[in-house]
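Containing mmCIF, C-alpha atoms: my_file17.cif.
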data_model
#
loop_
_atom_site.group_PDB
_atom_site.id
_atom_site.type_symbol
_atom_site.label_atom_id
_atom_site.label_comp_id
_atom_site.auth_asym_id
_atom_site.auth_seq_id
_atom_site.Cartn_x
_atom_site.Cartn_y
_atom_site.Cartn_z
ATOM 1 C CA MET A 1 14.976 3.782 -11.983
ATOM 2 C CA ALA A 2 13.920 1.833 -8.918
ATOM 3 C CA THR A 3 16.276 -0.609 -7.228
ATOM 4 C CA ARG A 4 15.479 -4.108 -6.033
ATOM 5 C CA THR A 5 15.515 -2.749 -2.492
ATOM 6 C CA GLN A 6 12.823 -0.220 -3.435
ATOM 7 C CA ALA A 7 10.852 -2.989 -5.144
ATOM 8 C CA ARG A 8 11.064 -5.116 -1.987
ATOM 9 C CA GLU A 9 10.036 -2.151 0.147
ATOM 10 C CA SER A 10 6.942 -1.710 -2.024
ATOM 11 C CA VAL A 11 6.142 -5.421 -1.739
ATOM 12 C CA ILE A 12 6.405 -5.159 2.052
ATOM 13 C CA GLY A 13 3.889 -2.300 1.971
ATOM 14 C CA LEU A 14 1.532 -4.398 -0.114
ATOM 15 C CA LEU A 15 1.936 -7.421 2.170
ATOM 16 C CA TYR A 16 1.362 -5.190 5.188
ATOM 17 C CA ALA A 17 -1.951 -3.970 3.745
ATOM 18 C CA TYR A 18 -2.896 -7.543 2.830
ATOM 19 C CA ASP A 19 -2.042 -8.739 6.361
ATOM 20 C CA LEU A 20 -4.277 -6.048 7.865
ATOM 21 C CA GLY A 21 -7.227 -7.498 5.950
ATOM 22 C CA ASN A 22 -7.096 -5.491 2.738
ATOM 23 C CA GLU A 23 -7.068 -8.584 0.519
ATOM 24 C CA GLY A 24 -8.630 -6.575 -2.309
ATOM 25 C CA ILE A 25 -5.278 -4.848 -2.756
ATOM 26 C CA VAL A 26 -4.337 -7.739 -5.047
ATOM 27 C CA LYS A 27 -6.456 -6.093 -7.768
ATOM 28 C CA PHE A 28 -4.506 -2.825 -7.536
ATOM 29 C CA VAL A 29 -0.893 -4.020 -7.286
ATOM 30 C CA ASP A 30 -0.021 -2.775 -10.789
ATOM 31 C CA GLU A 31 -1.307 0.729 -10.082
ATOM 32 C CA ILE A 32 0.331 0.911 -6.659
ATOM 33 C CA LEU A 33 3.726 -0.117 -8.045
ATOM 34 C CA GLU A 34 3.349 2.412 -10.854
ATOM 35 C CA ASP A 35 2.567 5.149 -8.313
ATOM 36 C CA LYS A 36 5.767 4.258 -6.471
ATOM 37 C CA LYS A 37 7.724 4.478 -9.738
ATOM 38 C CA ILE A 38 8.465 0.737 -9.703
ATOM 39 C CA ARG A 39 8.622 -0.050 -13.416
ATOM 40 C CA ASN A 40 9.951 -2.478 -16.030
ATOM 41 C CA LYS A 41 12.243 -5.204 -14.645
ATOM 42 C CA GLN A 42 11.822 -4.036 -11.050
ATOM 43 C CA LYS A 43 8.039 -4.137 -11.461
ATOM 44 C CA GLU A 44 8.261 -7.684 -12.822
ATOM 45 C CA PHE A 45 10.496 -8.552 -9.851
ATOM 46 C CA ALA A 46 8.068 -6.968 -7.349
ATOM 47 C CA LEU A 47 5.035 -8.663 -8.916
ATOM 48 C CA LYS A 48 6.795 -12.022 -8.874
ATOM 49 C CA LEU A 49 7.643 -11.584 -5.189
ATOM 50 C CA PHE A 50 4.202 -10.345 -4.123
ATOM 51 C CA ASN A 51 2.302 -13.006 -6.071
ATOM 52 C CA GLY A 52 4.732 -15.668 -4.877
ATOM 53 C CA VAL A 53 4.232 -14.767 -1.233
ATOM 54 C CA ILE A 54 0.426 -14.684 -1.604
ATOM 55 C CA ALA A 55 0.417 -18.051 -3.424
ATOM 56 C CA ASN A 56 2.591 -19.651 -0.717
ATOM 57 C CA LEU A 57 1.253 -17.947 2.421
ATOM 58 C CA GLU A 58 0.324 -21.166 4.186
ATOM 59 C CA ARG A 59 3.792 -22.709 3.750
ATOM 60 C CA ILE A 60 5.502 -19.433 4.721
ATOM 61 C CA ASP A 61 3.357 -19.092 7.860
ATOM 62 C CA GLU A 62 4.202 -22.688 8.808
ATOM 63 C CA GLU A 63 7.914 -21.842 8.542
ATOM 64 C CA ILE A 64 7.490 -18.842 10.822
ATOM 65 C CA ILE A 65 5.400 -20.751 13.373
ATOM 66 C CA SER A 66 7.708 -23.774 13.500
ATOM 67 C CA ASN A 67 10.770 -21.578 14.041
ATOM 68 C CA LEU A 68 9.377 -19.215 16.690
ATOM 69 C CA LYS A 69 10.958 -19.717 20.108
ATOM 70 C CA GLN A 70 7.969 -18.228 21.891
ATOM 71 C CA GLY A 71 4.669 -16.610 21.092
ATOM 72 C CA THR A 72 2.473 -17.025 18.065
ATOM 73 C CA LEU A 73 2.236 -15.610 14.554
ATOM 74 C CA SER A 74 -0.288 -13.027 15.781
ATOM 75 C CA ASP A 75 2.262 -11.736 18.338
ATOM 76 C CA ILE A 76 4.534 -10.520 15.521
ATOM 77 C CA GLY A 77 3.969 -6.960 14.318
ATOM 78 C CA SER A 78 2.471 -6.605 10.848
ATOM 79 C CA VAL A 79 5.519 -4.856 9.384
ATOM 80 C CA GLU A 80 7.899 -7.459 10.801
ATOM 81 C CA LYS A 81 5.605 -10.230 9.582
ATOM 82 C CA SER A 82 5.557 -8.744 6.074
ATOM 83 C CA ILE A 83 9.360 -8.513 6.002
ATOM 84 C CA LEU A 84 9.665 -12.106 7.221
ATOM 85 C CA LYS A 85 7.134 -13.432 4.716
ATOM 86 C CA LEU A 86 8.970 -11.807 1.818
ATOM 87 C CA ALA A 87 12.378 -13.040 2.965
ATOM 88 C CA ILE A 88 11.124 -16.571 3.652
ATOM 89 C CA TYR A 89 9.517 -16.707 0.222
ATOM 90 C CA GLU A 90 12.842 -15.707 -1.331
ATOM 91 C CA ILE A 91 14.747 -18.263 0.768
ATOM 92 C CA LEU A 92 12.379 -21.116 -0.105
ATOM 93 C CA PHE A 93 11.444 -20.358 -3.704
ATOM 94 C CA GLU A 94 13.972 -18.009 -5.322
ATOM 95 C CA ASP A 95 17.494 -18.746 -6.490
ATOM 96 C CA LEU A 96 19.198 -15.894 -4.650
ATOM 97 C CA ASP A 97 22.106 -15.855 -2.220
ATOM 98 C CA ARG A 98 20.622 -16.394 1.229
ATOM 99 C CA ALA A 99 23.061 -13.994 2.885
ATOM 100 C CA ILE A 100 21.827 -11.246 0.563
ATOM 101 C CA ILE A 101 18.192 -12.081 1.324
ATOM 102 C CA ILE A 102 18.799 -11.977 5.084
ATOM 103 C CA ASN A 103 20.857 -8.771 4.883
ATOM 104 C CA GLU A 104 18.172 -7.094 2.799
ATOM 105 C CA ALA A 105 15.491 -8.148 5.319
ATOM 106 C CA ILE A 106 17.575 -6.791 8.211
ATOM 107 C CA GLU A 107 18.157 -3.465 6.442
ATOM 108 C CA LEU A 108 14.466 -3.136 5.595
ATOM 109 C CA SER A 109 13.517 -3.938 9.194
ATOM 110 C CA LYS A 110 15.920 -1.221 10.413
ATOM 111 C CA LYS A 111 14.188 1.250 8.114
ATOM 112 C CA LEU A 112 10.563 0.188 8.464
ATOM 113 C CA ALA A 113 10.030 -1.699 11.713
ATOM 114 C CA SER A 114 10.533 -1.437 15.476
ATOM 115 C CA ASP A 115 13.919 -1.190 17.214
ATOM 116 C CA GLY A 116 14.067 -4.888 18.127
ATOM 117 C CA ALA A 117 12.990 -6.041 14.665
ATOM 118 C CA PRO A 118 16.430 -6.397 12.990
ATOM 119 C CA LYS A 119 17.673 -8.809 15.666
ATOM 120 C CA PHE A 120 14.406 -10.771 15.643
ATOM 121 C CA VAL A 121 14.289 -10.961 11.825
ATOM 122 C CA ASN A 122 17.940 -12.020 11.649
ATOM 123 C CA GLY A 123 17.499 -14.737 14.282
ATOM 124 C CA LEU A 124 14.381 -16.235 12.749
ATOM 125 C CA LEU A 125 15.679 -16.183 9.165
ATOM 126 C CA ASP A 126 19.016 -17.647 10.250
ATOM 127 C CA LYS A 127 17.155 -20.485 11.989
ATOM 128 C CA ILE A 128 15.090 -21.156 8.848
ATOM 129 C CA VAL A 129 18.184 -21.211 6.607
ATOM 130 C CA LYS A 130 19.918 -23.696 8.933
ATOM 131 C CA SER A 131 16.919 -26.040 9.179
#
Using the file provided, produce a representation of the structure as structure tokens.
Amino acid sequence: MATRTQARESVIGLLYAYDLGNEGIVKFVDEILEDKKIRNKQKEFALKLFNGVIANLERIDEEIISNLKQGTLSDIGSVEKSILKLAIYEILFEDLDRAIIINEAIELSKKLASDGAPKFVNGLLDKIVKS
């Protein structure tokens, strides 16, 4: 059975594809999650997260932009951006412990993103939580 971490990792992959311009992926989310063995409650969780991020993209992007010290949204790598979007959605719209959300985002960035990503993700999310 898949864990929430695996569900989040799948959502990040979906968001990454979406961010690269594959907006049609929305039609295939069910099949993609099934292929990754994300089922039952974890599938419901992943779908809720993915659909929530897509529905609130504008607000999430505004949070990222307003909390960047330098650069623009397009300067952030697609993987890092996907991790941030998921975590920010959870911070703003889900009733989960923020420390858990941030820790999960840091761990996923260690696994999936560039070397500097964990520090960047931590700093930006911490700033958002405090504001």
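If you measure from each of A:Ile60, A:Ile100, A:Leu84, A:Leu47 to A:Phe120 using all atoms listed in the file, the closest one turns out to be A:Leu84.
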With 5 Å on each side, where is the centre of the axis-aligned box around all listed atoms of stretch 36-47 of chain A, and how long are its edges in Å to one decimal, as AutoDock Vina command-line options?
--center_x 8.6 --center_y -2.1 --center_z -11.3 --size_x 17.2 --size_y 23.1 --size_z 19.6
Quick one: everything within 7 Å of stretch 85-97 of chain A, counting only C-alpha atoms, minus sequence neighbours fewer than 5 positions away in the same chain. Send it as a PDB file with C-alpha atoms, keeping the file's coordinate frame.
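Output file around_26.pdb follows:
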ATOM      1  CA  VAL A  53       4.232 -14.767  -1.233  1.00  0.00           C
ATOM      2  CA  ILE A  60       5.502 -19.433   4.721  1.00  0.00           C
ATOM      3  CA  ILE A 102      18.799 -11.977   5.084  1.00  0.00           C
ATOM      4  CA  ALA A 105      15.491  -8.148   5.319  1.00  0.00           C
TER       5      ALA A 105
END
Can you measure atom CA of A:Glu58 to atom CA of A:Leu73 for me? One decimal in Å is fine. 11.9 Å
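In this comparison, which uses only C-alpha atoms, the residue of A:Gly116, A:Thr72, A:Val26, A:Lys130 approaching A:Ala55 most closely is A:Val26.
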Give as a PyMOL selection string the residues that the PyMOL selection byres ((chain A and resi 44) around 12) matches when applied to the coordinates above. chain A and resi 2+4+7-8+11+29-30+33-34+38-43+45-52
Could you please take those selected residues and save C-alpha atoms as a PDB file, keeping the file's coordinate frame?
ATOM      1  CA  ALA A   2      13.920   1.833  -8.918  1.00  0.00           C
ATOM      2  CA  ARG A   4      15.479  -4.108  -6.033  1.00  0.00           C
ATOM      3  CA  ALA A   7      10.852  -2.989  -5.144  1.00  0.00           C
ATOM      4  CA  ARG A   8      11.064  -5.116  -1.987  1.00  0.00           C
ATOM      5  CA  VAL A  11       6.142  -5.421  -1.739  1.00  0.00           C
ATOM      6  CA  VAL A  29      -0.893  -4.020  -7.286  1.00  0.00           C
ATOM      7  CA  ASP A  30      -0.021  -2.775 -10.789  1.00  0.00           C
ATOM      8  CA  LEU A  33       3.726  -0.117  -8.045  1.00  0.00           C
ATOM      9  CA  GLU A  34       3.349   2.412 -10.854  1.00  0.00           C
ATOM     10  CA  ILE A  38       8.465   0.737  -9.703  1.00  0.00           C
ATOM     11  CA  ARG A  39       8.622  -0.050 -13.416  1.00  0.00           C
ATOM     12  CA  ASN A  40       9.951  -2.478 -16.030  1.00  0.00           C
ATOM     13  CA  LYS A  41      12.243  -5.204 -14.645  1.00  0.00           C
ATOM     14  CA  GLN A  42      11.822  -4.036 -11.050  1.00  0.00           C
ATOM     15  CA  LYS A  43       8.039  -4.137 -11.461  1.00  0.00           C
ATOM     16  CA  PHE A  45      10.496  -8.552  -9.851  1.00  0.00           C
ATOM     17  CA  ALA A  46       8.068  -6.968  -7.349  1.00  0.00           C
ATOM     18  CA  LEU A  47       5.035  -8.663  -8.916  1.00  0.00           C
ATOM     19  CA  LYS A  48       6.795 -12.022  -8.874  1.00  0.00           C
ATOM     20  CA  LEU A  49       7.643 -11.584  -5.189  1.00  0.00           C
ATOM     21  CA  PHE A  50       4.202 -10.345  -4.123  1.00  0.00           C
ATOM     22  CA  ASN A  51       2.302 -13.006  -6.071  1.00  0.00           C
ATOM     23  CA  GLY A  52       4.732 -15.668  -4.877  1.00  0.00           C
TER      24      GLY A  52
END
Using the chain letters and numbering of this document, enumerate as a VMD selection string the residues selected by the PyMOL selection byres ((chain A and resi 16-20) around 10). chain A and resid 10 to 15 21 to 26 54 77 to 83
Would you list the contacts of A:Ser131 as a PDB file with C-alpha atoms, keeping the file's coordinate frame, taking every protein, DNA or RNA residue within 10 Å and counting all atoms listed in the file, but skipping same-chain residues closer than 4 positions in sequence?
ATOM      1  CA  GLU A  63       7.914 -21.842   8.542  1.00  0.00           C
ATOM      2  CA  ASN A  67      10.770 -21.578  14.041  1.00  0.00           C
ATOM      3  CA  LEU A 125      15.679 -16.183   9.165  1.00  0.00           C
ATOM      4  CA  ASP A 126      19.016 -17.647  10.250  1.00  0.00           C
ATOM      5  CA  LYS A 127      17.155 -20.485  11.989  1.00  0.00           C
TER       6      LYS A 127
END
Length of the atom CA of A:Ile128 to atom CA of A:Ile64 vector [Å]: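 Straight-line distance from atom CA of A:Ile128 to atom CA of A:Ile64 works out to 8.2 Å.
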Point-to-point distance in Å for atom CA of A:Lys27 and atom CA of A:Glu107: 28.5 Å
For a quick check of understanding, using all atoms listed in the file, which of A:Ile32, A:Glu104, A:Thr5, A:Asp61 has the smallest distance to A:Ile76?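 Result for the nearest residue to A:Ile76: A:Asp61.
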